[in-house]
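This is coords.txt. It holds compact mmCIF, C-alpha atoms and all ligand atoms.
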# COMPACT_ATOMS: atom_id res chain seq x y z
CA MET P 1370 13.95 12.66 12.04
CA LYS P 1371 13.10 12.02 15.69
CA ARG P 1372 12.64 8.34 16.62
CA THR P 1373 9.10 7.54 17.78
CA THR P 1374 7.50 4.60 19.59
CA SER P 1375 6.66 3.15 16.18
CA SER P 1376 10.36 3.30 15.18
CA LYS P 1377 11.70 -0.09 14.23
CA GLU P 1378 15.11 -1.64 13.74
CA ILE P 1379 15.42 -2.56 10.10
CA VAL P 1380 18.30 -4.49 8.58
CA LEU P 1381 18.53 -3.54 4.91
CA GLY P 1382 20.35 -6.25 2.96
CA VAL P 1383 21.62 -4.95 -0.36
CA THR P 1384 22.73 -7.59 -2.85
CA GLY P 1385 24.53 -7.47 -6.18
CA SER P 1386 21.85 -6.25 -8.56
CA ILE P 1387 22.06 -3.25 -10.82
CA ALA P 1388 19.13 -1.89 -8.77
CA ALA P 1389 21.42 -1.62 -5.71
CA TYR P 1390 21.62 2.17 -6.10
CA LYS P 1391 17.87 2.37 -5.36
CA ALA P 1392 18.57 0.98 -1.90
CA CYS P 1393 20.02 4.41 -1.03
CA GLU P 1394 16.59 5.94 -1.54
CA ILE P 1395 14.98 3.13 0.44
CA SER P 1396 17.35 3.86 3.37
CA SER P 1397 16.58 7.51 3.18
CA ARG P 1398 12.79 7.03 3.12
CA LEU P 1399 12.93 4.56 6.03
CA ILE P 1400 14.96 7.01 8.10
CA GLU P 1401 12.46 9.78 7.22
CA ARG P 1402 9.70 7.55 8.62
CA GLY P 1403 11.58 7.34 11.89
CA HIS P 1404 13.07 3.86 11.57
CA ALA P 1405 16.67 2.92 12.37
CA VAL P 1406 18.47 1.23 9.49
CA THR P 1407 21.54 -0.98 9.48
CA ALA P 1408 22.69 -1.53 5.90
CA VAL P 1409 24.46 -4.74 4.92
CA LEU P 1410 26.21 -4.89 1.56
CA THR P 1411 27.24 -8.18 -0.02
CA GLU P 1412 30.59 -8.30 -1.75
CA SER P 1413 28.86 -8.12 -5.16
CA ALA P 1414 26.75 -5.15 -4.03
CA ARG P 1415 29.93 -3.29 -3.06
CA HIS P 1416 31.04 -3.41 -6.70
CA LEU P 1417 27.86 -1.59 -7.67
CA VAL P 1418 27.26 0.88 -4.84
CA GLY P 1419 29.42 2.43 -2.13
CA ALA P 1420 29.18 1.80 1.60
CA ALA P 1421 29.90 5.48 2.28
CA SER P 1422 26.51 6.51 0.85
CA PHE P 1423 24.68 4.19 3.22
CA GLU P 1424 26.79 5.32 6.17
CA ALA P 1425 25.89 8.94 5.44
CA LEU P 1426 22.20 8.13 4.99
CA THR P 1427 21.74 5.81 7.97
CA GLY P 1428 24.25 7.38 10.36
CA ARG P 1429 25.46 3.88 11.13
CA ARG P 1430 28.41 1.75 10.26
CA VAL P 1431 27.67 -0.42 7.21
CA ILE P 1432 28.26 -4.15 7.54
CA THR P 1433 30.28 -5.47 4.65
CA ALA P 1434 32.10 -8.57 5.76
CA MET P 1435 31.93 -11.47 8.17
CA PHE P 1436 35.49 -11.22 9.42
CA GLU P 1437 36.12 -7.52 9.96
CA PRO P 1438 39.26 -6.98 12.02
CA PHE P 1439 37.79 -4.26 14.28
CA ALA P 1440 34.10 -5.21 14.18
CA SER P 1441 32.27 -3.98 17.26
CA PRO P 1442 30.05 -6.37 19.26
CA GLU P 1443 26.89 -4.44 18.17
CA ILE P 1444 27.35 -5.43 14.54
CA GLU P 1445 28.22 -9.02 15.30
CA HIS P 1446 25.72 -11.06 13.28
CA ILE P 1447 23.86 -12.73 16.16
CA ALA P 1448 23.38 -9.38 17.94
CA VAL P 1449 21.99 -7.74 14.80
CA ALA P 1450 19.79 -10.76 14.07
CA GLN P 1451 18.31 -10.58 17.55
CA ARG P 1452 17.53 -6.88 17.70
CA ALA P 1453 16.08 -6.60 14.17
CA ASP P 1454 12.34 -6.01 13.78
CA LEU P 1455 12.58 -6.68 10.06
CA PHE P 1456 15.05 -7.87 7.45
CA LEU P 1457 14.41 -6.15 4.12
CA ILE P 1458 16.46 -7.54 1.25
CA ALA P 1459 16.25 -4.96 -1.53
CA PRO P 1460 17.31 -5.60 -4.18
CA ALA P 1461 17.33 -9.37 -3.75
CA THR P 1462 19.37 -11.28 -6.33
CA ALA P 1463 18.59 -14.77 -7.59
CA ASN P 1464 21.67 -15.80 -5.62
CA ILE P 1465 20.44 -14.59 -2.19
CA LEU P 1466 17.03 -16.20 -2.80
CA ALA P 1467 18.77 -19.50 -3.56
CA LYS P 1468 21.03 -19.24 -0.53
CA ALA P 1469 18.19 -18.30 1.82
CA ALA P 1470 15.95 -21.08 0.48
CA ARG P 1471 18.68 -23.70 0.99
CA GLY P 1472 20.03 -22.36 4.26
CA MET P 1473 23.47 -21.49 2.95
CA ALA P 1474 25.58 -19.28 5.21
CA ASP P 1475 28.70 -18.21 3.36
CA ASP P 1476 28.69 -14.48 4.07
CA TRP P 1477 27.39 -12.05 6.71
CA LEU P 1478 23.92 -11.56 5.20
CA SER P 1479 23.08 -15.18 4.44
CA THR P 1480 24.40 -16.27 7.86
CA THR P 1481 22.33 -13.65 9.68
CA LEU P 1482 19.20 -14.57 7.71
CA LEU P 1483 19.50 -18.01 9.31
CA ALA P 1484 20.06 -16.60 12.78
CA THR P 1485 17.16 -14.12 12.83
CA ARG P 1486 13.57 -14.76 13.92
CA ALA P 1487 12.46 -11.37 12.57
CA PRO P 1488 10.13 -11.19 9.55
CA ILE P 1489 11.97 -11.23 6.21
CA LEU P 1490 10.83 -9.25 3.16
CA PHE P 1491 12.44 -9.76 -0.25
CA ALA P 1492 12.21 -7.31 -3.17
CA PRO P 1493 13.60 -9.42 -6.03
CA ALA P 1494 15.41 -7.82 -8.96
CA MET P 1495 16.83 -9.76 -11.88
CA ASN P 1496 16.68 -10.51 -15.57
CA THR P 1497 13.37 -12.04 -16.75
CA ASN P 1498 14.86 -15.43 -17.59
CA MET P 1499 16.59 -15.61 -14.20
CA TYR P 1500 13.30 -14.76 -12.47
CA ASN P 1501 11.23 -17.22 -14.51
CA HIS P 1502 13.81 -20.01 -14.14
CA PRO P 1503 12.27 -22.99 -12.32
CA ALA P 1504 15.10 -22.89 -9.77
CA THR P 1505 14.30 -19.29 -8.80
CA GLN P 1506 10.56 -19.92 -8.78
CA GLU P 1507 11.06 -22.97 -6.57
CA ASN P 1508 13.26 -20.98 -4.18
CA ILE P 1509 10.59 -18.27 -3.94
CA GLU P 1510 7.92 -20.88 -3.19
CA ILE P 1511 10.10 -22.42 -0.47
CA LEU P 1512 10.68 -19.02 1.13
CA LYS P 1513 7.00 -18.05 0.92
CA ALA P 1514 6.00 -21.37 2.49
CA ARG P 1515 8.34 -20.51 5.37
CA GLY P 1516 6.54 -17.21 5.89
CA CYS P 1517 8.89 -14.82 4.08
CA ALA P 1518 7.13 -11.91 2.38
CA PHE P 1519 7.78 -10.71 -1.16
CA VAL P 1520 7.12 -7.42 -2.90
CA GLY P 1521 7.38 -7.28 -6.68
CA PRO P 1522 9.15 -7.71 -8.97
CA GLY P 1523 7.61 -5.31 -11.46
CA THR P 1524 7.43 -5.48 -15.22
CA GLY P 1525 9.15 -3.02 -17.53
CA ASN P 1526 12.51 -2.09 -19.07
CA LEU P 1527 15.37 -4.08 -17.59
CA ALA P 1528 19.00 -3.01 -17.37
CA CYS P 1529 19.94 -5.85 -19.73
CA GLY P 1530 17.97 -4.11 -22.51
CA THR P 1531 14.93 -6.40 -22.49
CA VAL P 1532 11.36 -5.74 -21.39
CA GLY P 1533 9.64 -8.11 -19.00
CA ILE P 1534 9.16 -9.14 -15.40
CA GLY P 1535 12.13 -8.84 -13.04
CA ARG P 1536 12.78 -5.19 -12.26
CA MET P 1537 12.76 -4.22 -8.61
CA ILE P 1538 9.32 -2.82 -7.74
CA ASP P 1539 9.16 0.93 -7.14
CA VAL P 1540 10.36 2.30 -3.81
CA PRO P 1541 6.88 3.44 -2.58
CA ALA P 1542 5.57 -0.11 -3.01
CA ILE P 1543 8.54 -1.43 -1.02
CA LEU P 1544 7.83 1.08 1.76
CA ASP P 1545 4.17 -0.04 1.90
CA ALA P 1546 5.30 -3.66 2.12
CA VAL P 1547 7.69 -2.73 4.96
CA GLU P 1548 4.82 -1.16 6.92
CA ALA P 1549 2.69 -4.26 6.29
CA ALA P 1550 5.50 -6.57 7.44
CA LEU P 1551 6.06 -4.48 10.57
CA CYS P 1552 2.37 -4.28 11.52
CA GLU P 1553 1.75 -6.43 14.58
CA THR P 1554 -2.05 -6.24 14.43
CA LYS P 1555 -3.14 -9.07 12.14
CA ASP P 1556 -6.85 -9.09 12.97
CA LEU P 1557 -8.07 -9.25 9.37
CA VAL P 1558 -6.23 -12.42 8.29
CA GLY P 1559 -8.54 -14.57 6.18
CA LEU P 1560 -11.00 -11.72 5.58
CA SER P 1561 -11.82 -10.02 2.33
CA VAL P 1562 -12.06 -6.22 2.24
CA VAL P 1563 -13.39 -4.15 -0.66
CA VAL P 1564 -12.63 -0.43 -0.69
CA THR P 1565 -13.97 2.08 -3.20
CA ALA P 1566 -11.57 4.96 -3.77
CA GLY P 1567 -11.19 8.16 -5.78
CA GLY P 1568 -13.79 10.06 -7.73
CA THR P 1569 -16.13 9.06 -10.51
CA ARG P 1570 -16.23 10.89 -13.84
CA GLU P 1571 -19.41 11.25 -15.86
CA PRO P 1572 -18.91 11.96 -19.56
CA LEU P 1573 -20.41 15.10 -21.06
CA ASP P 1574 -19.00 14.32 -24.46
CA PRO P 1575 -15.97 12.27 -25.66
CA VAL P 1576 -13.46 14.74 -24.17
CA ARG P 1577 -15.19 16.28 -21.12
CA PHE P 1578 -16.64 14.99 -17.88
CA LEU P 1579 -18.35 16.02 -14.66
CA GLY P 1580 -16.06 15.02 -11.80
CA ASN P 1581 -15.00 15.98 -8.29
CA HIS P 1582 -11.82 16.77 -6.37
CA SER P 1583 -11.38 13.35 -4.73
CA SER P 1584 -7.71 12.35 -4.76
CA GLY P 1585 -8.16 8.74 -3.65
CA LYS P 1586 -5.75 9.28 -0.71
CA MET P 1587 -8.31 8.15 1.89
CA GLY P 1588 -9.19 5.04 -0.10
CA ARG P 1589 -5.52 4.26 -0.54
CA ALA P 1590 -4.86 4.62 3.20
CA LEU P 1591 -7.79 2.30 3.97
CA ALA P 1592 -6.65 -0.33 1.50
CA LEU P 1593 -3.09 -0.22 2.89
CA GLU P 1594 -4.31 -0.50 6.49
CA ALA P 1595 -6.44 -3.54 5.61
CA LEU P 1596 -3.47 -5.13 3.82
CA LYS P 1597 -1.21 -4.47 6.83
CA ARG P 1598 -3.70 -6.29 9.06
CA GLY P 1599 -3.63 -9.32 6.79
CA ALA P 1600 -6.81 -8.93 4.69
CA ARG P 1601 -7.21 -9.73 1.00
CA VAL P 1602 -7.98 -6.33 -0.45
CA THR P 1603 -9.70 -5.17 -3.63
CA VAL P 1604 -9.78 -1.50 -4.55
CA ILE P 1605 -12.56 -0.32 -6.85
CA ALA P 1606 -10.73 2.67 -8.22
CA GLY P 1607 -12.34 5.73 -9.68
CA HIS P 1608 -9.99 8.52 -10.72
CA MET P 1609 -7.10 8.59 -8.20
CA ASP P 1610 -4.13 10.97 -7.93
CA VAL P 1611 -2.23 8.33 -5.95
CA ALA P 1612 -1.57 4.70 -6.85
CA PRO P 1613 -3.45 2.03 -4.89
CA PRO P 1614 -1.10 0.08 -2.61
CA GLU P 1615 0.91 -2.81 -4.00
CA GLY P 1616 -0.72 -6.06 -2.97
CA ALA P 1617 -4.30 -4.89 -3.50
CA GLU P 1618 -6.24 -6.12 -6.48
CA VAL P 1619 -7.46 -3.13 -8.47
CA VAL P 1620 -10.64 -2.88 -10.57
CA VAL P 1621 -11.10 0.41 -12.38
CA ALA P 1622 -14.50 2.12 -12.50
CA GLN P 1623 -14.92 5.32 -14.45
CA THR P 1624 -18.56 6.26 -13.84
CA ALA P 1625 -20.97 5.82 -10.93
CA ASN P 1626 -22.91 3.21 -12.91
CA GLU P 1627 -19.72 1.21 -13.50
CA MET P 1628 -18.76 1.53 -9.83
CA ALA P 1629 -22.22 0.36 -8.73
CA GLU P 1630 -22.12 -2.67 -11.00
CA ILE P 1631 -18.61 -3.70 -9.86
CA ALA P 1632 -19.34 -2.96 -6.19
CA LEU P 1633 -22.51 -5.06 -6.15
CA SER P 1634 -20.69 -7.95 -7.73
CA LEU P 1635 -17.57 -7.79 -5.48
CA ALA P 1636 -19.53 -7.09 -2.29
CA GLN P 1637 -21.07 -10.56 -2.48
CA ASP P 1638 -17.81 -12.16 -1.35
CA ALA P 1639 -16.56 -9.34 0.87
CA ASP P 1640 -16.52 -9.50 4.66
CA ILE P 1641 -16.03 -5.75 4.93
CA PHE P 1642 -17.04 -3.13 2.36
CA VAL P 1643 -15.80 0.42 2.81
CA GLY P 1644 -17.14 3.08 0.48
CA ALA P 1645 -14.59 5.90 0.46
CA ALA P 1646 -15.04 6.91 -3.18
CA ALA P 1647 -16.66 10.21 -4.04
CA VAL P 1648 -19.38 8.88 -6.30
CA GLY P 1649 -20.97 11.64 -8.35
CA ASP P 1650 -24.64 12.13 -7.46
CA PHE P 1651 -25.59 13.24 -10.96
CA ARG P 1652 -24.65 12.51 -14.56
CA PRO P 1653 -25.54 14.21 -17.83
CA GLU P 1654 -28.80 12.73 -19.06
CA ASP P 1655 -27.72 12.55 -22.65
CA PRO P 1656 -23.94 12.74 -23.17
CA SER P 1657 -23.01 13.88 -26.66
CA GLU P 1658 -21.26 11.39 -28.93
CA GLU P 1659 -19.38 14.24 -30.57
CA LYS P 1660 -17.38 17.02 -28.94
CA LEU P 1661 -19.78 19.79 -27.94
CA LYS P 1662 -19.22 23.05 -29.87
CA ARG P 1663 -19.76 26.66 -28.83
CA SER P 1664 -23.07 27.99 -30.14
CA GLY P 1665 -22.91 31.51 -28.72
CA LYS P 1666 -25.98 30.71 -26.60
CA GLY P 1667 -24.33 28.81 -23.75
CA LEU P 1668 -25.24 25.26 -22.83
CA LYS P 1669 -27.98 23.91 -20.58
CA LEU P 1670 -27.29 20.50 -19.12
CA ALA P 1671 -29.98 18.10 -17.99
CA LEU P 1672 -28.71 15.84 -15.19
CA VAL P 1673 -30.12 12.61 -13.83
CA GLU P 1674 -29.35 10.96 -10.51
CA ASN P 1675 -26.73 8.26 -10.25
CA PRO P 1676 -27.17 5.07 -8.23
CA ASP P 1677 -26.32 5.38 -4.55
CA VAL P 1678 -23.57 2.75 -4.48
CA ILE P 1679 -23.17 2.31 -0.72
CA SER P 1680 -26.95 2.14 -0.13
CA GLN P 1681 -27.31 -0.53 -2.77
CA VAL P 1682 -24.46 -2.56 -1.26
CA ALA P 1683 -25.85 -2.16 2.29
CA ALA P 1684 -29.35 -3.17 1.16
CA LEU P 1685 -27.96 -6.60 0.18
CA LYS P 1686 -25.85 -7.00 3.33
CA ARG P 1687 -25.36 -10.56 4.57
CA ASP P 1688 -25.30 -11.58 8.23
CA GLY P 1689 -21.90 -10.71 9.69
CA GLN P 1690 -20.91 -8.51 6.76
CA LEU P 1691 -19.97 -4.92 7.60
CA VAL P 1692 -20.65 -1.94 5.36
CA VAL P 1693 -18.95 1.35 6.18
CA GLY P 1694 -19.58 4.68 4.49
CA PHE P 1695 -18.15 8.17 4.40
CA ALA P 1696 -20.12 11.38 4.64
CA ALA P 1697 -18.26 14.34 3.19
CA GLU P 1698 -20.16 17.41 4.31
CA THR P 1699 -19.77 21.16 4.10
CA ASP P 1700 -22.55 21.93 6.60
CA ASN P 1701 -24.55 20.27 9.41
CA LEU P 1702 -21.88 17.56 9.57
CA MET P 1703 -23.17 15.43 12.44
CA LYS P 1704 -26.85 15.74 11.59
CA ASN P 1705 -26.34 14.80 7.94
CA ALA P 1706 -23.93 11.98 8.76
CA LYS P 1707 -26.24 10.42 11.37
CA ALA P 1708 -29.15 10.61 8.94
CA LYS P 1709 -27.07 8.89 6.24
CA LEU P 1710 -25.94 6.15 8.62
CA LYS P 1711 -29.55 5.31 9.40
CA LYS P 1712 -31.11 5.79 5.98
CA LYS P 1713 -28.40 3.79 4.20
CA GLN P 1714 -28.35 1.03 6.86
CA LEU P 1715 -24.58 1.31 7.39
CA ASP P 1716 -22.66 -0.18 10.33
CA LEU P 1717 -20.33 2.78 10.70
CA ILE P 1718 -19.97 6.15 9.05
CA VAL P 1719 -16.99 8.47 8.89
CA ALA P 1720 -18.25 12.04 8.95
CA ASN P 1721 -15.69 14.43 7.59
CA GLU P 1722 -15.52 18.12 6.92
CA VAL P 1723 -14.53 18.99 3.39
CA ASN P 1724 -14.70 22.77 3.50
CA THR P 1725 -11.25 23.56 4.90
CA GLU P 1726 -7.87 23.24 3.22
CA ASP P 1727 -6.53 20.80 5.80
CA SER P 1728 -9.51 18.44 5.72
CA GLY P 1729 -11.15 16.53 2.91
CA PHE P 1730 -10.55 16.24 -0.81
CA GLY P 1731 -6.89 16.25 -1.77
CA ALA P 1732 -5.59 17.03 1.74
CA ASP P 1733 -3.36 14.61 3.65
CA THR P 1734 -5.37 15.15 6.84
CA LEU P 1735 -8.99 14.95 7.89
CA ARG P 1736 -11.24 16.21 10.69
CA ALA P 1737 -13.29 13.08 11.08
CA ARG P 1738 -15.83 11.59 13.44
CA LEU P 1739 -16.55 7.87 13.52
CA ILE P 1740 -20.24 7.25 14.30
CA ASP P 1741 -21.78 3.83 14.96
CA THR P 1742 -25.39 2.65 14.99
CA GLU P 1743 -25.59 3.03 18.78
CA GLY P 1744 -24.80 6.72 18.47
CA ASN P 1745 -21.23 6.45 19.81
CA VAL P 1746 -19.02 9.14 18.33
CA GLU P 1747 -15.23 9.01 18.21
CA GLU P 1748 -13.77 12.37 17.35
CA LEU P 1749 -10.45 12.55 15.47
CA ASP P 1750 -9.19 16.08 15.56
CA LEU P 1751 -7.14 16.74 12.43
CA ALA P 1752 -5.59 13.31 11.88
CA THR P 1753 -3.67 12.00 8.88
CA LYS P 1754 -5.69 9.82 6.54
CA GLU P 1755 -3.46 6.89 7.61
CA GLU P 1756 -4.41 7.52 11.25
CA VAL P 1757 -8.11 7.75 10.34
CA ALA P 1758 -7.79 4.42 8.47
CA LYS P 1759 -6.13 2.81 11.50
CA ARG P 1760 -8.77 4.04 13.93
CA LEU P 1761 -11.56 3.02 11.56
CA PHE P 1762 -10.24 -0.54 11.25
CA ASP P 1763 -9.82 -0.68 15.05
CA ARG P 1764 -13.56 0.06 15.29
CA ILE P 1765 -14.38 -2.41 12.51
CA SER P 1766 -12.35 -5.04 14.32
CA ASP P 1767 -14.35 -4.39 17.52
CA LEU P 1768 -17.59 -4.89 15.57
CA LEU P 1769 -16.28 -8.19 14.15
CA ASP P 1770 -15.69 -9.65 17.63
C1 LIG Z 1 26.44 -5.19 -13.43
C2 LIG Z 1 25.79 -6.42 -12.83
C3 LIG Z 1 24.46 -6.41 -12.57
C4 LIG Z 1 23.85 -7.53 -12.00
N1 LIG Z 1 22.50 -7.49 -11.75
C5 LIG Z 1 21.91 -8.55 -11.20
C6 LIG Z 1 20.52 -8.53 -10.90
O1 LIG Z 1 19.81 -7.53 -11.13
N2 LIG Z 1 19.96 -9.61 -10.32
C7 LIG Z 1 20.69 -10.74 -10.02
O2 LIG Z 1 20.10 -11.68 -9.50
N3 LIG Z 1 22.01 -10.80 -10.31
C8 LIG Z 1 22.63 -9.74 -10.88
N4 LIG Z 1 23.97 -9.79 -11.16
C9 LIG Z 1 24.71 -11.00 -10.81
C10 LIG Z 1 25.01 -11.04 -9.30
O3 LIG Z 1 25.77 -9.90 -8.94
C11 LIG Z 1 25.74 -12.32 -8.97
O4 LIG Z 1 24.85 -13.43 -9.14
C12 LIG Z 1 26.31 -12.32 -7.58
O5 LIG Z 1 26.89 -13.57 -7.29
C13 LIG Z 1 25.28 -11.99 -6.53
O6 LIG Z 1 25.87 -12.00 -5.25
P1 LIG Z 1 25.07 -11.58 -3.94
O7 LIG Z 1 23.73 -12.21 -4.01
O8 LIG Z 1 25.86 -12.10 -2.82
O9 LIG Z 1 25.02 -10.09 -3.92
C14 LIG Z 1 24.61 -8.69 -11.72
C15 LIG Z 1 25.97 -8.67 -12.01
C16 LIG Z 1 26.56 -7.57 -12.56
C17 LIG Z 1 28.03 -7.60 -12.88
Just give me the structure of the file as structure tokens.
Amino acid sequence: MKRTTSSKEIVLGVTGSIAAYKACEISSRLIERGHAVTAVLTESARHLVGAASFEALTGRRVITAMFEPFASPEIEHIAVAQRADLFLIAPATANILAKAARGMADDWLSTTLLATRAPILFAPAMNTNMYNHPATQENIEILKARGCAFVGPGTGNLACGTVGIGRMIDVPAILDAVEAALCETKDLVGLSVVVTAGGTREPLDPVRFLGNHSSGKMGRALALEALKRGARVTVIAGHMDVAPPEGAEVVVAQTANEMAEIALSLAQDADIFVGAAAVGDFRPEDPSEEKLKRSGKGLKLALVENPDVISQVAALKRDGQLVVGFAAETDNLMKNAKAKLKKKQLDLIVANEVNTEDSGFGADTLRARLIDTEGNVEELDLATKEEVAKRLFDRISDLLD
């Protein structure tokens, strides 16, 4: 993968947890995203996973010991500490958390953690009792108070045969946390952002529904961008094909009525509300309580209109609160989007085409236009949903000033 201007120098500290093998995948994904990775393996980690794998994946010499006879100046610990944009410790043992909290420096990794001024992100992995132990909890609190970031741990089956909290969080969540830690724009710190995402489903009977093709990818990208910029984020999640980002609070809403009720309640405390969900306009008037059967005569459905969630939220807008909507259109894109912006009293609208394969529902990219109340239009020609989210929050940030 070609390095880009957003490429960063990441030091990946791998410590002696059974999850150490997952650090190979983390290296690989970071390299795919264009970052440069220097892997550091503690002595315990080297019993569990081989340095050769990391060397092959990162294309760089792996650091394994403080006193290497032929160590080059580039991997000397002060040099690495100074050029790092981020230290990611994944998996992080109870031991490295204790050493980092107390400032111990008895091997390469713990010494370099003291020498660096780069952000530090820990992905803890350990047995539930070790994690819940007051000593570990205290060490985590100390590190958080010093500004270190944490991702996970998750809950589930542990290598020791028990079920509980302590397993290293999944790799995608670690990658999201890396992007958040690397993001230099922190213009949403202290603000609360609510994002609706995915599609609603309206029951026809106990086993069938009326739905739409929304994947939730746009909502996910928006929630992640807001998290990266330091906001507290809540996702009101309809049906999503992708998981909301780690770090966002998630409230599930199945139908448009549920989404409206939750949105109106959460919007009260939100500074920014972004409605990216595809909320169904109609629902069956009288859903059957039993599974509908064939009658040989077909089926006529009576539909009623659902609440217009974003309009209802915007109608109750407080001073200084921003409400942003999406207009997914198959025709008359600009005309329909501008009309919606005005009628629904939104601050910004993202008009997007949904009638081509590379734009809209399910796609990773979008042909979008950002339109504000003054009629300014910013055109994004086929951009990734992550890029659209970034540009949208740049505009939101301008409106907050
Ligand atoms: C097979 C095996 C798995 C281990 N898994 C973990 C673990 O998941 N988390 C942890 O905190 N310690 C774990 N340990 C214990 C650590 O390896 C031990 O505390 C060690 O001193 C950590 O050193 P380090 O932090 O320098 O890598 C494990 C030990 C063994 C033998």
Name the residues within 8 Å of (23.2, -7.0, -9.2), counting all atoms listed in the file in the file's coordinates, and put them as a PDB file with C-alpha atoms, keeping the file's coordinate frame.
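selection32.pdb, written as the output of this step:
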ATOM      1  CA  THR P1384      22.730  -7.590  -2.850  1.00  0.00           C
ATOM      2  CA  GLY P1385      24.530  -7.470  -6.180  1.00  0.00           C
ATOM      3  CA  SER P1386      21.850  -6.250  -8.560  1.00  0.00           C
ATOM      4  CA  ILE P1387      22.060  -3.250 -10.820  1.00  0.00           C
ATOM      5  CA  ALA P1388      19.130  -1.890  -8.770  1.00  0.00           C
ATOM      6  CA  ALA P1389      21.420  -1.620  -5.710  1.00  0.00           C
ATOM      7  CA  SER P1413      28.860  -8.120  -5.160  1.00  0.00           C
ATOM      8  CA  ALA P1414      26.750  -5.150  -4.030  1.00  0.00           C
ATOM      9  CA  LEU P1417      27.860  -1.590  -7.670  1.00  0.00           C
ATOM     10  CA  PRO P1460      17.310  -5.600  -4.180  1.00  0.00           C
ATOM     11  CA  THR P1462      19.370 -11.280  -6.330  1.00  0.00           C
ATOM     12  CA  ALA P1494      15.410  -7.820  -8.960  1.00  0.00           C
ATOM     13  CA  MET P1495      16.830  -9.760 -11.880  1.00  0.00           C
TER      14      MET P1495
END
Assuming 4 Å of padding per side, give the centre and edge lengths of the axis-aligned box around every listed atom of ligand LIG 1 (chain Z), in Å to one decimal and as lines of an AutoDock Vina configuration file.
center_x = 23.9
center_y = -9.4
center_z = -8.1
size_x = 16.2
size_y = 16.4
size_z = 18.6
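Between atom CA of Asp1650 of chain P and atom CA of Ala1590 of chain P there is a distance of 23.7 Å.
The spacing separating atom CA of Leu1512 of chain P from atom O3 of ligand LIG 1 (chain Z) amounts to 20.3 Å.
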Return as an mmCIF file with C-alpha atoms, in the coordinates of the input the residues of protein, DNA or RNA that approach ligand LIG 1 (chain Z) to within 10 Å, with only C-alpha atoms and all ligand atoms taken into account.
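Wrote pocket16.cif, looks like this:
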data_model
loop_
_atom_site.group_PDB
_atom_site.id
_atom_site.type_symbol
_atom_site.label_atom_id
_atom_site.label_comp_id
_atom_site.auth_asym_id
_atom_site.auth_seq_id
_atom_site.Cartn_x
_atom_site.Cartn_y
_atom_site.Cartn_z
ATOM 1 C CA GLY P 1382 20.350 -6.250 2.960
ATOM 2 C CA VAL P 1383 21.620 -4.950 -0.360
ATOM 3 C CA THR P 1384 22.730 -7.590 -2.850
ATOM 4 C CA GLY P 1385 24.530 -7.470 -6.180
ATOM 5 C CA SER P 1386 21.850 -6.250 -8.560
ATOM 6 C CA ILE P 1387 22.060 -3.250 -10.820
ATOM 7 C CA ALA P 1388 19.130 -1.890 -8.770
ATOM 8 C CA ALA P 1389 21.420 -1.620 -5.710
ATOM 9 C CA LEU P 1410 26.210 -4.890 1.560
ATOM 10 C CA THR P 1411 27.240 -8.180 -0.020
ATOM 11 C CA GLU P 1412 30.590 -8.300 -1.750
ATOM 12 C CA SER P 1413 28.860 -8.120 -5.160
ATOM 13 C CA ALA P 1414 26.750 -5.150 -4.030
ATOM 14 C CA ARG P 1415 29.930 -3.290 -3.060
ATOM 15 C CA HIS P 1416 31.040 -3.410 -6.700
ATOM 16 C CA LEU P 1417 27.860 -1.590 -7.670
ATOM 17 C CA PRO P 1460 17.310 -5.600 -4.180
ATOM 18 C CA ALA P 1461 17.330 -9.370 -3.750
ATOM 19 C CA THR P 1462 19.370 -11.280 -6.330
ATOM 20 C CA ALA P 1463 18.590 -14.770 -7.590
ATOM 21 C CA ASN P 1464 21.670 -15.800 -5.620
ATOM 22 C CA ILE P 1465 20.440 -14.590 -2.190
ATOM 23 C CA LEU P 1466 17.030 -16.200 -2.800
ATOM 24 C CA ALA P 1467 18.770 -19.500 -3.560
ATOM 25 C CA LYS P 1468 21.030 -19.240 -0.530
ATOM 26 C CA ASP P 1475 28.700 -18.210 3.360
ATOM 27 C CA ASP P 1476 28.690 -14.480 4.070
ATOM 28 C CA TRP P 1477 27.390 -12.050 6.710
ATOM 29 C CA LEU P 1478 23.920 -11.560 5.200
ATOM 30 C CA SER P 1479 23.080 -15.180 4.440
ATOM 31 C CA PRO P 1493 13.600 -9.420 -6.030
ATOM 32 C CA ALA P 1494 15.410 -7.820 -8.960
ATOM 33 C CA MET P 1495 16.830 -9.760 -11.880
ATOM 34 C CA ASN P 1496 16.680 -10.510 -15.570
ATOM 35 C CA THR P 1497 13.370 -12.040 -16.750
ATOM 36 C CA MET P 1499 16.590 -15.610 -14.200
ATOM 37 C CA TYR P 1500 13.300 -14.760 -12.470
ATOM 38 C CA THR P 1505 14.300 -19.290 -8.800
ATOM 39 C CA LEU P 1527 15.370 -4.080 -17.590
ATOM 40 C CA ALA P 1528 19.000 -3.010 -17.370
ATOM 41 C CA CYS P 1529 19.940 -5.850 -19.730
ATOM 42 C CA GLY P 1535 12.130 -8.840 -13.040
ATOM 43 C CA ARG P 1536 12.780 -5.190 -12.260
ATOM 44 C CA MET P 1537 12.760 -4.220 -8.610
#
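Between atom CA of Lys1597 of chain P and atom CA of Leu1557 of chain P lies a distance of 8.7 Å.
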Excluding same-chain residues fewer than 3 positions from segment 1420-1431 of chain P, what lies within 7 Å of it counting all atoms listed in the file, as a PyMOL selection string? chain P and resi 1393+1396-1397+1400+1406-1409+1415
Residue neighbourhood Leu1593 of chain P, 9 Å, all atoms listed in the file, exclusion window fewer than 2 positions, as a list in words: Asp1545, Glu1548, Ala1549, Gly1588, Arg1589, Ala1590, Leu1591, Ala1595, Leu1596, Lys1597, Arg1598, Val1602, Pro1613, Pro1614, Glu1615, Gly1616, Ala1617, Glu1755 and Ala1758 of chain P
